[in-house]
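> Here you go, data-v2.cif (mmCIF, C-alpha atoms (C1' of nucleotides)):
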data_model
loop_
_atom_site.label_atom_id
_atom_site.label_comp_id
_atom_site.auth_asym_id
_atom_site.auth_seq_id
_atom_site.Cartn_x
_atom_site.Cartn_y
_atom_site.Cartn_z
CA MET A 1 -24.20 -35.18 -11.90
CA THR A 2 -26.07 -36.66 -14.86
CA GLU A 3 -24.53 -36.78 -18.28
CA ARG A 4 -26.96 -34.22 -19.69
CA LYS A 5 -26.29 -31.77 -16.91
CA GLU A 6 -22.58 -32.07 -17.50
CA ASN A 7 -23.20 -31.63 -21.19
CA ILE A 8 -25.02 -28.39 -20.60
CA ILE A 9 -22.13 -27.08 -18.53
CA ASN A 10 -19.51 -27.99 -21.13
CA GLN A 11 -21.39 -26.57 -24.07
CA ALA A 12 -22.31 -23.44 -22.18
CA LEU A 13 -18.69 -22.84 -21.23
CA LYS A 14 -17.64 -23.24 -24.82
CA LEU A 15 -20.28 -20.87 -26.15
CA PHE A 16 -19.83 -18.31 -23.38
CA ALA A 17 -16.11 -18.21 -24.06
CA GLU A 18 -16.52 -17.95 -27.81
CA ASN A 19 -19.32 -15.45 -28.01
CA GLY A 20 -19.59 -13.95 -24.58
CA TYR A 21 -22.06 -14.62 -21.82
CA ILE A 22 -24.71 -12.16 -22.88
CA ASN A 23 -24.46 -13.05 -26.53
CA THR A 24 -25.14 -16.68 -25.81
CA SER A 25 -28.80 -17.52 -25.51
CA THR A 26 -30.07 -20.40 -23.46
CA ASN A 27 -31.65 -21.52 -26.69
CA LYS A 28 -28.24 -21.92 -28.35
CA ILE A 29 -26.89 -23.75 -25.33
CA ALA A 30 -29.78 -26.17 -25.34
CA ARG A 31 -29.32 -26.91 -29.01
CA ALA A 32 -25.58 -27.37 -28.67
CA ALA A 33 -26.09 -29.73 -25.76
CA GLY A 34 -28.83 -31.60 -27.58
CA VAL A 35 -31.25 -30.86 -24.82
CA SER A 36 -34.45 -28.95 -24.31
CA GLU A 37 -34.26 -25.39 -23.16
CA GLY A 38 -36.42 -26.04 -20.15
CA LEU A 39 -33.94 -28.49 -18.74
CA ILE A 40 -31.40 -25.75 -18.26
CA PHE A 41 -33.76 -23.95 -15.94
CA ARG A 42 -34.64 -27.11 -14.06
CA HIS A 43 -31.00 -27.70 -13.27
CA PHE A 44 -29.67 -24.20 -12.81
CA THR A 45 -32.68 -22.03 -12.00
CA ASN A 46 -31.59 -19.38 -14.45
CA LYS A 47 -28.83 -18.43 -16.83
CA GLN A 48 -26.83 -16.78 -14.07
CA GLY A 49 -27.00 -19.95 -12.00
CA LEU A 50 -25.44 -21.84 -14.86
CA LEU A 51 -22.61 -19.34 -15.01
CA ASP A 52 -22.07 -19.60 -11.27
CA VAL A 53 -21.54 -23.33 -11.48
CA ILE A 54 -19.13 -22.95 -14.38
CA VAL A 55 -17.03 -20.40 -12.55
CA GLU A 56 -16.94 -22.26 -9.28
CA VAL A 57 -15.77 -25.42 -10.98
CA GLY A 58 -13.18 -23.54 -13.01
CA LEU A 59 -11.68 -21.68 -10.07
CA LYS A 60 -11.04 -24.88 -8.14
CA ASP A 61 -8.21 -25.58 -10.51
CA ALA A 62 -6.44 -22.37 -9.64
CA GLU A 63 -6.97 -22.94 -5.95
CA SER A 64 -5.32 -26.32 -6.02
CA PHE A 65 -2.39 -24.91 -7.97
CA VAL A 66 -1.79 -22.23 -5.37
CA LEU A 67 -2.13 -24.81 -2.64
CA GLN A 68 0.63 -26.87 -4.24
CA LEU A 69 2.74 -23.74 -4.38
CA THR A 70 2.62 -23.29 -0.62
CA LYS A 71 4.25 -26.68 -0.19
CA ILE A 72 7.39 -25.84 -2.13
CA GLN A 73 10.43 -25.09 0.00
CA ASP A 74 13.01 -23.60 -2.35
CA PRO A 75 12.13 -19.92 -2.95
CA ARG A 76 13.56 -19.93 -6.46
CA GLU A 77 11.36 -22.87 -7.27
CA VAL A 78 8.36 -21.01 -5.89
CA LEU A 79 8.96 -18.09 -8.23
CA SER A 80 9.66 -20.33 -11.17
CA VAL A 81 6.52 -22.36 -10.68
CA SER A 82 4.45 -19.22 -10.09
CA LEU A 83 5.42 -18.01 -13.51
CA GLU A 84 4.08 -21.23 -14.96
CA LEU A 85 0.69 -20.67 -13.44
CA PRO A 86 -0.87 -18.93 -16.46
CA LYS A 87 0.49 -21.52 -18.86
CA TYR A 88 -0.67 -24.35 -16.67
CA LEU A 89 -4.16 -23.06 -16.11
CA ILE A 90 -4.77 -22.00 -19.67
CA GLY A 91 -3.34 -25.24 -20.96
CA ARG A 92 -5.96 -27.11 -19.02
CA GLN A 93 -8.93 -24.82 -19.46
CA ARG A 94 -8.28 -22.17 -22.05
CA GLU A 95 -11.97 -21.56 -22.66
CA PHE A 96 -12.73 -21.04 -19.03
CA TRP A 97 -10.00 -18.50 -18.47
CA GLN A 98 -10.93 -16.56 -21.54
CA LEU A 99 -14.46 -16.36 -20.27
CA TYR A 100 -13.32 -15.50 -16.79
CA HIS A 101 -11.19 -12.57 -17.80
CA SER A 102 -13.69 -11.13 -20.19
CA LEU A 103 -16.37 -11.18 -17.50
CA LYS A 104 -14.02 -9.72 -14.97
CA TYR A 105 -13.21 -6.78 -17.17
CA GLN A 106 -16.83 -6.23 -18.00
CA ASN A 107 -18.07 -6.23 -14.47
CA PRO A 108 -16.05 -5.22 -11.41
CA GLU A 109 -18.50 -7.02 -9.09
CA PHE A 110 -17.73 -10.25 -10.80
CA ALA A 111 -14.34 -11.06 -9.31
CA ARG A 112 -15.57 -10.16 -5.84
CA LYS A 113 -18.53 -12.46 -6.08
CA TYR A 114 -16.37 -15.51 -6.55
CA LYS A 115 -13.81 -14.45 -3.95
CA GLU A 116 -10.95 -14.18 -6.36
CA SER A 117 -9.22 -11.85 -3.94
CA ASP A 118 -8.63 -14.68 -1.46
CA LEU A 119 -6.75 -16.53 -4.13
CA ILE A 120 -4.68 -13.52 -5.13
CA SER A 121 -3.72 -12.58 -1.63
CA LYS A 122 -2.61 -16.11 -0.90
CA LEU A 123 -0.52 -16.13 -4.05
CA THR A 124 0.92 -12.74 -3.21
CA SER A 125 2.00 -13.82 0.24
CA VAL A 126 3.71 -16.93 -1.10
CA ILE A 127 5.67 -14.85 -3.60
CA ASP A 128 6.41 -12.18 -1.05
CA ASN A 129 7.87 -14.85 1.21
CA ALA A 130 10.05 -16.19 -1.54
CA PHE A 131 11.55 -12.77 -2.23
CA ARG A 132 12.05 -12.28 1.47
CA GLU A 133 13.98 -15.51 1.76
CA LEU A 134 16.05 -14.55 -1.24
CA ARG A 135 16.99 -11.36 0.62
CA TYR A 136 15.59 -8.99 -1.95
CA GLU A 137 15.63 -5.43 -0.70
CA HIS A 138 11.95 -4.68 -1.29
CA PRO A 139 10.15 -8.01 -1.19
CA GLY A 140 6.67 -6.48 -1.02
CA GLU A 141 7.18 -4.37 -4.08
CA GLU A 142 8.94 -7.17 -5.89
CA ALA A 143 5.99 -9.43 -5.22
CA ALA A 144 3.50 -6.88 -6.51
CA PHE A 145 5.61 -6.45 -9.62
CA PHE A 146 5.86 -10.19 -10.05
CA LEU A 147 2.10 -10.48 -9.92
CA LEU A 148 1.81 -7.82 -12.55
CA ILE A 149 4.06 -9.93 -14.74
CA ILE A 150 2.00 -13.03 -14.12
CA GLY A 151 -1.09 -11.07 -15.07
CA GLY A 152 0.62 -9.99 -18.26
CA MET A 153 1.46 -13.59 -19.10
CA PHE A 154 -2.21 -14.39 -18.69
CA SER A 155 -3.18 -11.76 -21.22
CA LEU A 156 -0.54 -12.96 -23.63
CA LEU A 157 -1.76 -16.51 -23.47
CA THR A 158 -5.41 -15.64 -23.65
CA LYS A 159 -4.88 -13.92 -26.96
CA GLU A 160 -4.58 -17.16 -28.85
CA GLU A 161 -3.01 -16.84 -32.31
CA THR A 162 0.74 -16.40 -31.99
CA GLY A 163 0.32 -15.97 -28.26
CA ASN A 164 1.61 -19.38 -27.34
CA GLU A 165 5.08 -19.17 -28.78
CA GLU A 166 5.44 -15.56 -27.80
CA ALA A 167 4.60 -16.52 -24.26
CA ALA A 168 7.15 -19.33 -24.19
CA ASP A 169 9.88 -16.92 -25.24
CA MET A 170 8.72 -14.44 -22.68
CA LEU A 171 8.76 -17.06 -19.96
CA ARG A 172 12.31 -18.03 -20.76
CA PHE A 173 13.39 -14.43 -20.79
CA ILE A 174 11.78 -13.61 -17.47
CA LYS A 175 13.29 -16.64 -15.79
CA SER A 176 16.74 -15.70 -16.98
CA LYS A 177 16.18 -12.15 -15.75
CA TYR A 178 15.42 -13.47 -12.28
CA ARG A 179 18.07 -16.21 -12.50
CA LEU A 180 15.54 -18.95 -11.91
CA MET B 1 -21.10 18.25 -34.61
CA THR B 2 -24.30 19.45 -32.99
CA GLU B 3 -24.63 19.62 -29.25
CA ARG B 4 -27.19 16.82 -29.12
CA LYS B 5 -25.05 14.52 -31.16
CA GLU B 6 -22.12 15.14 -28.89
CA ASN B 7 -24.36 14.55 -25.92
CA ILE B 8 -25.36 11.18 -27.25
CA ILE B 9 -21.72 10.20 -27.64
CA ASN B 10 -20.77 11.30 -24.15
CA GLN B 11 -23.67 9.64 -22.41
CA ALA B 12 -23.28 6.47 -24.42
CA LEU B 13 -19.61 6.26 -23.51
CA LYS B 14 -20.43 6.69 -19.87
CA LEU B 15 -23.15 4.05 -19.89
CA PHE B 16 -21.19 1.61 -22.04
CA ALA B 17 -18.26 1.84 -19.66
CA GLU B 18 -20.39 1.47 -16.57
CA ASN B 19 -22.71 -1.27 -17.65
CA GLY B 20 -21.17 -2.74 -20.75
CA TYR B 21 -22.05 -2.24 -24.38
CA ILE B 22 -24.62 -4.99 -24.65
CA ASN B 23 -26.25 -4.16 -21.36
CA THR B 24 -26.85 -0.58 -22.42
CA SER B 25 -29.99 -0.10 -24.45
CA THR B 26 -30.42 2.71 -26.93
CA ASN B 27 -33.42 3.64 -24.86
CA LYS B 28 -31.26 4.30 -21.78
CA ILE B 29 -28.81 6.29 -23.84
CA ALA B 30 -31.57 8.42 -25.26
CA ARG B 31 -33.01 9.14 -21.85
CA ALA B 32 -29.59 9.94 -20.38
CA ALA B 33 -28.84 12.31 -23.22
CA GLY B 34 -32.26 13.91 -22.98
CA VAL B 35 -32.98 13.01 -26.55
CA SER B 36 -35.39 10.84 -28.48
CA GLU B 37 -34.36 7.31 -29.30
CA GLY B 38 -34.87 7.81 -33.02
CA LEU B 39 -32.24 10.51 -33.13
CA ILE B 40 -29.54 8.02 -32.26
CA PHE B 41 -30.33 6.05 -35.37
CA ARG B 42 -30.50 9.17 -37.54
CA HIS B 43 -26.99 10.11 -36.51
CA PHE B 44 -25.30 6.75 -36.20
CA THR B 45 -27.38 4.33 -38.28
CA ASN B 46 -27.31 1.72 -35.54
CA LYS B 47 -25.94 1.00 -32.10
CA GLN B 48 -22.72 -0.40 -33.52
CA GLY B 49 -22.18 2.79 -35.50
CA LEU B 50 -22.36 4.77 -32.30
CA LEU B 51 -19.72 2.54 -30.75
CA ASP B 52 -17.49 2.94 -33.79
CA VAL B 53 -17.48 6.70 -33.45
CA ILE B 54 -16.72 6.49 -29.75
CA VAL B 55 -13.77 4.17 -30.27
CA GLU B 56 -12.31 6.11 -33.16
CA VAL B 57 -12.38 9.32 -31.19
CA GLY B 58 -10.91 7.65 -28.13
CA LEU B 59 -8.03 6.00 -29.94
CA LYS B 60 -6.84 9.28 -31.41
CA ASP B 61 -5.58 10.19 -27.99
CA ALA B 62 -3.31 7.18 -27.83
CA GLU B 63 -2.07 7.78 -31.33
CA SER B 64 -0.99 11.29 -30.58
CA PHE B 65 0.79 10.14 -27.44
CA VAL B 66 2.81 7.58 -29.36
CA LEU B 67 3.56 10.18 -31.98
CA GLN B 68 5.02 12.46 -29.31
CA LEU B 69 7.08 9.53 -28.10
CA THR B 70 8.82 9.18 -31.44
CA LYS B 71 10.12 12.72 -31.13
CA ILE B 72 12.03 12.13 -27.90
CA GLN B 73 15.77 11.73 -28.30
CA ASP B 74 17.04 10.42 -24.98
CA PRO B 75 16.34 6.67 -24.76
CA ARG B 76 15.90 6.72 -20.98
CA GLU B 77 13.32 9.41 -21.40
CA VAL B 78 11.54 7.30 -24.02
CA LEU B 79 11.22 4.41 -21.61
CA SER B 80 10.21 6.62 -18.75
CA VAL B 81 7.51 8.36 -20.74
CA SER B 82 6.29 5.06 -22.17
CA LEU B 83 5.61 3.86 -18.66
CA GLU B 84 3.46 6.91 -18.12
CA LEU B 85 1.25 6.06 -21.05
CA PRO B 86 -1.37 4.13 -19.09
CA LYS B 87 -1.57 6.76 -16.41
CA TYR B 88 -1.80 9.54 -18.96
CA LEU B 89 -4.47 7.92 -21.09
CA ILE B 90 -6.61 6.72 -18.21
CA GLY B 91 -6.27 10.06 -16.47
CA ARG B 92 -7.80 11.73 -19.49
CA GLN B 93 -10.39 9.16 -20.44
CA ARG B 94 -10.81 6.50 -17.80
CA GLU B 95 -14.27 5.57 -19.00
CA PHE B 96 -13.16 5.07 -22.54
CA TRP B 97 -10.29 2.79 -21.68
CA GLN B 98 -12.37 0.72 -19.37
CA LEU B 99 -14.84 0.21 -22.16
CA TYR B 100 -12.11 -0.46 -24.65
CA HIS B 101 -10.46 -3.20 -22.66
CA SER B 102 -13.65 -4.90 -21.73
CA LEU B 103 -14.70 -5.06 -25.36
CA LYS B 104 -11.32 -6.25 -26.43
CA TYR B 105 -11.42 -9.14 -24.03
CA GLN B 106 -14.91 -10.01 -25.01
CA ASN B 107 -14.31 -10.07 -28.68
CA PRO B 108 -10.97 -10.81 -30.37
CA GLU B 109 -12.14 -9.23 -33.63
CA PHE B 110 -12.60 -5.97 -31.86
CA ALA B 111 -9.00 -4.80 -31.60
CA ARG B 112 -8.34 -5.74 -35.19
CA LYS B 113 -11.25 -3.74 -36.47
CA TYR B 114 -9.90 -0.51 -35.11
CA LYS B 115 -6.33 -1.26 -36.13
CA GLU B 116 -4.94 -1.31 -32.64
CA SER B 117 -2.04 -3.41 -33.89
CA ASP B 118 -0.61 -0.49 -35.86
CA LEU B 119 -0.41 1.46 -32.68
CA ILE B 120 1.18 -1.36 -30.72
CA SER B 121 3.80 -2.11 -33.32
CA LYS B 122 4.78 1.52 -33.52
CA LEU B 123 5.11 1.68 -29.76
CA THR B 124 7.11 -1.55 -29.73
CA SER B 125 9.58 -0.28 -32.26
CA VAL B 126 10.15 2.94 -30.35
CA ILE B 127 10.86 1.00 -27.18
CA ASP B 128 12.99 -1.54 -28.98
CA ASN B 129 15.08 1.31 -30.33
CA ALA B 130 15.54 2.78 -26.91
CA PHE B 131 16.86 -0.49 -25.50
CA ARG B 132 19.12 -0.84 -28.50
CA GLU B 133 20.63 2.58 -27.91
CA LEU B 134 21.08 1.72 -24.26
CA ARG B 135 23.08 -1.32 -25.37
CA TYR B 136 20.86 -3.88 -23.72
CA GLU B 137 21.86 -7.39 -24.71
CA HIS B 138 18.43 -8.50 -25.94
CA PRO B 139 16.58 -5.35 -26.97
CA GLY B 140 13.78 -7.21 -28.75
CA GLU B 141 12.94 -9.34 -25.76
CA GLU B 142 13.35 -6.43 -23.40
CA ALA B 143 10.90 -4.44 -25.47
CA ALA B 144 8.34 -7.24 -25.45
CA PHE B 145 8.72 -7.53 -21.71
CA PHE B 146 8.39 -3.81 -21.30
CA LEU B 147 5.15 -3.87 -23.23
CA LEU B 148 3.88 -6.60 -20.98
CA ILE B 149 4.61 -4.35 -18.04
CA ILE B 150 2.81 -1.45 -19.64
CA GLY B 151 -0.15 -3.71 -20.23
CA GLY B 152 -0.08 -4.69 -16.59
CA MET B 153 -0.10 -1.05 -15.54
CA PHE B 154 -3.17 -0.57 -17.67
CA SER B 155 -4.98 -3.35 -15.84
CA LEU B 156 -3.94 -1.98 -12.49
CA LEU B 157 -5.25 1.46 -13.31
CA THR B 158 -8.46 0.25 -14.86
CA LYS B 159 -9.40 -1.47 -11.63
CA GLU B 160 -10.32 1.75 -9.92
CA GLU B 161 -10.60 1.52 -6.12
CA THR B 162 -7.12 1.37 -4.62
CA GLY B 163 -5.66 0.99 -8.08
CA ASN B 164 -4.43 4.52 -8.37
CA GLU B 165 -2.07 4.61 -5.45
CA GLU B 166 -0.94 1.07 -6.04
CA ALA B 167 -0.09 2.03 -9.59
CA ALA B 168 1.90 5.07 -8.50
CA ASP B 169 4.03 2.92 -6.21
CA MET B 170 4.48 0.39 -8.95
CA LEU B 171 5.55 3.07 -11.39
CA ARG B 172 8.18 4.37 -9.00
CA PHE B 173 9.45 0.88 -8.37
CA ILE B 174 9.71 -0.02 -12.04
CA LYS B 175 11.53 3.19 -12.85
CA SER B 176 14.06 2.55 -10.14
CA LYS B 177 14.50 -1.00 -11.41
CA TYR B 178 15.36 0.32 -14.86
CA ARG B 179 17.30 3.29 -13.45
CA LEU B 180 15.13 5.81 -15.25
"C1'" DG C 1 -32.69 17.85 -36.82
"C1'" DT C 2 -35.80 16.07 -33.90
"C1'" DC C 3 -39.84 13.66 -31.87
"C1'" DT C 4 -43.61 10.05 -31.24
"C1'" DA C 5 -45.40 5.89 -32.19
"C1'" DT C 6 -44.90 1.44 -33.43
"C1'" DA C 7 -43.34 -2.96 -35.94
"C1'" DT C 8 -40.57 -6.76 -35.26
"C1'" DC C 9 -38.03 -9.94 -33.03
"C1'" DA C 10 -35.40 -12.66 -29.85
"C1'" DG C 11 -34.30 -14.03 -25.36
"C1'" DG C 12 -35.39 -15.66 -20.69
"C1'" DA C 13 -38.42 -18.09 -18.17
"C1'" DT C 14 -42.72 -21.00 -16.94
"C1'" DA C 15 -46.41 -24.64 -17.18
"C1'" DG C 16 -47.81 -29.01 -17.76
"C1'" DA C 17 -47.39 -33.54 -19.78
"C1'" DC C 18 -44.72 -37.72 -19.86
"C1'" DG D 1 -35.28 -35.97 -15.43
"C1'" DT D 2 -36.82 -34.47 -19.61
"C1'" DC D 3 -39.64 -32.44 -23.44
"C1'" DT D 4 -42.97 -29.28 -25.91
"C1'" DA D 5 -45.38 -25.33 -26.15
"C1'" DT D 6 -45.94 -20.81 -24.91
"C1'" DC D 7 -45.84 -16.32 -22.44
"C1'" DC D 8 -43.75 -11.93 -21.47
"C1'" DT D 9 -40.50 -8.51 -21.64
"C1'" DG D 10 -37.48 -5.48 -23.48
"C1'" DA D 11 -34.39 -4.11 -27.23
"C1'" DT D 12 -33.34 -2.56 -32.02
"C1'" DA D 13 -34.88 -0.27 -35.65
"C1'" DT D 14 -38.29 2.18 -38.89
"C1'" DA D 15 -41.97 5.44 -40.47
"C1'" DG D 16 -43.86 9.62 -40.72
"C1'" DA D 17 -45.03 14.08 -38.72
"C1'" DC D 18 -43.21 18.53 -37.35
#
For this file, write the structure as structure tokens.

Amino acid sequence: MTERKENIINQALKLFAENGYINTSTNKIARAAGVSEGLIFRHFTNKQGLLDVIVEVGLKDAESFVLQLTKIQDPREVLSVSLELPKYLIGRQREFWQLYHSLKYQNPEFARKYKESDLISKLTSVIDNAFRELRYEHPGEEAAFFLLIIGGMFSLLTKEETGNEEAADMLRFIKSKYRL
Amino acid sequence: MTERKENIINQALKLFAENGYINTSTNKIARAAGVSEGLIFRHFTNKQGLLDVIVEVGLKDAESFVLQLTKIQDPREVLSVSLELPKYLIGRQREFWQLYHSLKYQNPEFARKYKESDLISKLTSVIDNAFRELRYEHPGEEAAFFLLIIGGMFSLLTKEETGNEEAADMLRFIKSKYRL
DNA sequence: GTCTATATCAGGATAGAC
DNA sequence: GTCTATCCTGATATAGAC
């Protein structure tokens, strides 16, 4: 991967996240990356191709996190770490996750295209297992509820501003609720 | 409000929700509404003006729901009805709420413009009060958490497909968790 | 209130040279 | 791999007639 190519990806991600995918012209991207517009098309075929690369790279992070999760033995620890997922991911790539969620809301096809569901179902089963080991009465439902909470944490954190502190408080509160 | 004007609003809402605001041209709207393109601009000045009207109308529904909420005495009932808010609103205007959330994610300014925060803070205080009356130890944090849950229900319901049934199960589960 | 026609403009994409 | 120049399309918005 040449430096210029990488530059295009980084600048595009930044602009897509700030202003939205559609609102960001290839022209703007080229200027931000200090590169000619044509080069974008050489490397990525079209604007969509550029987005595809960005998303694939970004999702790898989440995949590796979930993979780590499967290696944890203690069920309490599994739940506790799961709750940290939004904070962890957004801490590393806030821009990407903002972009990701906005696109997902906009276009239902989107999540399917990048096989997000595989990731979710793996995460769900790990959490389900944890509740099962902890002898919760309705582990399946608990897991679904837990995922809803994780999703909520994501929203909280994505909404910058006061979101960060608010989320930290929330995290503490949830952990105490579950005795983690 | 003339019939044609109303038609423009309805068709625009439908198309905006389906394909996104930016992806929907005034041309498409005009054709869908069986109306000339110029008429849109006569009535709404520009495309943004059309969106403004749609959002203002749509939000009134949520406002009136929250207003009803303030009139309920029994705190358990307050919580229970609050949880129904997503289902109620989306049941009445699924398209609108899909549009609303996608725009909100896309553009942080968006929610501010239409004073969504007023609505949220009113809802929060009602819920906070309920937990206070129920003698919960940390009513403020409980209320914030409860709002996170409500937000999660919204996401669940917005994602059509199997979302509906899943959400019904979730609702039942949450209510039993809170003994409502 | 409504339509038709059209001006204007910007974005995505391509061609060809280096 | 990279740049410059350029084409083409489609979208917003306006003007003027009815």
> As a list in words, please: the residues near DA17 in chain C (cut-off 12 Å, only C-alpha atoms (C1' of nucleotides), same-chain neighbours under 6 positions excluded).
DT2, DC3, DT4 and DA5 of chain D
> Please evaluate the PyMOL selection byres ((chain B and resi 129) around 12) against the displayed coordinates and give the resulting residues as a PDB file with C-alpha atoms, in the coordinates of the input.

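Written out: part.pdb:
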ATOM      1  CA  LEU B  69       7.080   9.530 -28.100  1.00  0.00           C
ATOM      2  CA  THR B  70       8.820   9.180 -31.440  1.00  0.00           C
ATOM      3  CA  ILE B  72      12.030  12.130 -27.900  1.00  0.00           C
ATOM      4  CA  GLN B  73      15.770  11.730 -28.300  1.00  0.00           C
ATOM      5  CA  ASP B  74      17.040  10.420 -24.980  1.00  0.00           C
ATOM      6  CA  PRO B  75      16.340   6.670 -24.760  1.00  0.00           C
ATOM      7  CA  ARG B  76      15.900   6.720 -20.980  1.00  0.00           C
ATOM      8  CA  VAL B  78      11.540   7.300 -24.020  1.00  0.00           C
ATOM      9  CA  LEU B  79      11.220   4.410 -21.610  1.00  0.00           C
ATOM     10  CA  LYS B 122       4.780   1.520 -33.520  1.00  0.00           C
ATOM     11  CA  LEU B 123       5.110   1.680 -29.760  1.00  0.00           C
ATOM     12  CA  THR B 124       7.110  -1.550 -29.730  1.00  0.00           C
ATOM     13  CA  SER B 125       9.580  -0.280 -32.260  1.00  0.00           C
ATOM     14  CA  VAL B 126      10.150   2.940 -30.350  1.00  0.00           C
ATOM     15  CA  ILE B 127      10.860   1.000 -27.180  1.00  0.00           C
ATOM     16  CA  ASP B 128      12.990  -1.540 -28.980  1.00  0.00           C
ATOM     17  CA  ALA B 130      15.540   2.780 -26.910  1.00  0.00           C
ATOM     18  CA  PHE B 131      16.860  -0.490 -25.500  1.00  0.00           C
ATOM     19  CA  ARG B 132      19.120  -0.840 -28.500  1.00  0.00           C
ATOM     20  CA  GLU B 133      20.630   2.580 -27.910  1.00  0.00           C
ATOM     21  CA  LEU B 134      21.080   1.720 -24.260  1.00  0.00           C
ATOM     22  CA  ARG B 135      23.080  -1.320 -25.370  1.00  0.00           C
ATOM     23  CA  TYR B 136      20.860  -3.880 -23.720  1.00  0.00           C
ATOM     24  CA  HIS B 138      18.430  -8.500 -25.940  1.00  0.00           C
ATOM     25  CA  PRO B 139      16.580  -5.350 -26.970  1.00  0.00           C
ATOM     26  CA  GLY B 140      13.780  -7.210 -28.750  1.00  0.00           C
ATOM     27  CA  GLU B 141      12.940  -9.340 -25.760  1.00  0.00           C
ATOM     28  CA  GLU B 142      13.350  -6.430 -23.400  1.00  0.00           C
ATOM     29  CA  ALA B 143      10.900  -4.440 -25.470  1.00  0.00           C
ATOM     30  CA  ALA B 144       8.340  -7.240 -25.450  1.00  0.00           C
TER      31      ALA B 144
END
> Of the candidates A:Asn23, A:Arg42, A:Pro86, A:Phe16, which one gets nearest to DG1 in chain D if we count only C-alpha atoms (C1' of nucleotides)?
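With only C-alpha atoms (C1' of nucleotides) as the atom set, the closest residue is A:Arg42.
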> If we count all atoms listed in the file, which residues of chain B reach to within 12 Å of chain A? Please list them as number ranges by chain.
B: 16-24, 97-109, 111, 137-161, 166-177
> Using only the atoms of chain D listed in the file, plus 3 Å on each side, state the axis-aligned box centre and edge lengths in Å rounded to one decimal, as AutoDock Vina command-line options.

--center_x -39.6 --center_y -8.7 --center_z -28.1 --size_x 18.6 --size_y 60.5 --size_z 31.3
> Go ahead and compute the interatomic distance for CA of Asp118 in chain B and CA of Ser64 in chain B, in Å to one decimal.
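Value for the CA of Asp118 in chain B-CA of Ser64 in chain B distance: 12.9 Å.
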> Which residues would end up in the selection if the PyMOL selection byres ((chain B and resi 60-62) around 12) were applied here, given that I need the answer as a PyMOL selection string?
chain B and resi 53-59+63-69+82+84-93+96-97+114-116+118-120+122-123
> After a least-squares superposition of chain A on chain B over all Cα atoms matched in order, what is the RMSD to one decimal?
0.0 Å
> Run the PyMOL selection byres ((chain A) within 10 of (chain D)) mentally over the shown coordinates, then write out the matched residues as a count of residues only, using the chain letters and numbers from the document.
9
> Distance C1' of DC3 in chain C-CA of Asn27 in chain B, one decimal place?
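These atoms are spaced 13.8 Å apart.
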> Show me which bits of chain A are within 9 Å of chain C, counting all atoms listed in the file, as number ranges by chain.
A: 25-27, 38, 41, 46-47
> So how far away is CA of Ile29 in chain A from CA of Leu15 in chain A, in Å?
7.3 Å
> Counting all atoms listed in the file, figure out which residue out of B:Thr45, B:Asn7, B:Leu51, B:Glu77 gets nearest to Arg31 in chain B.
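Comparing B:Thr45, B:Asn7, B:Leu51, B:Glu77 against Arg31 in chain B, the winner is B:Asn7.
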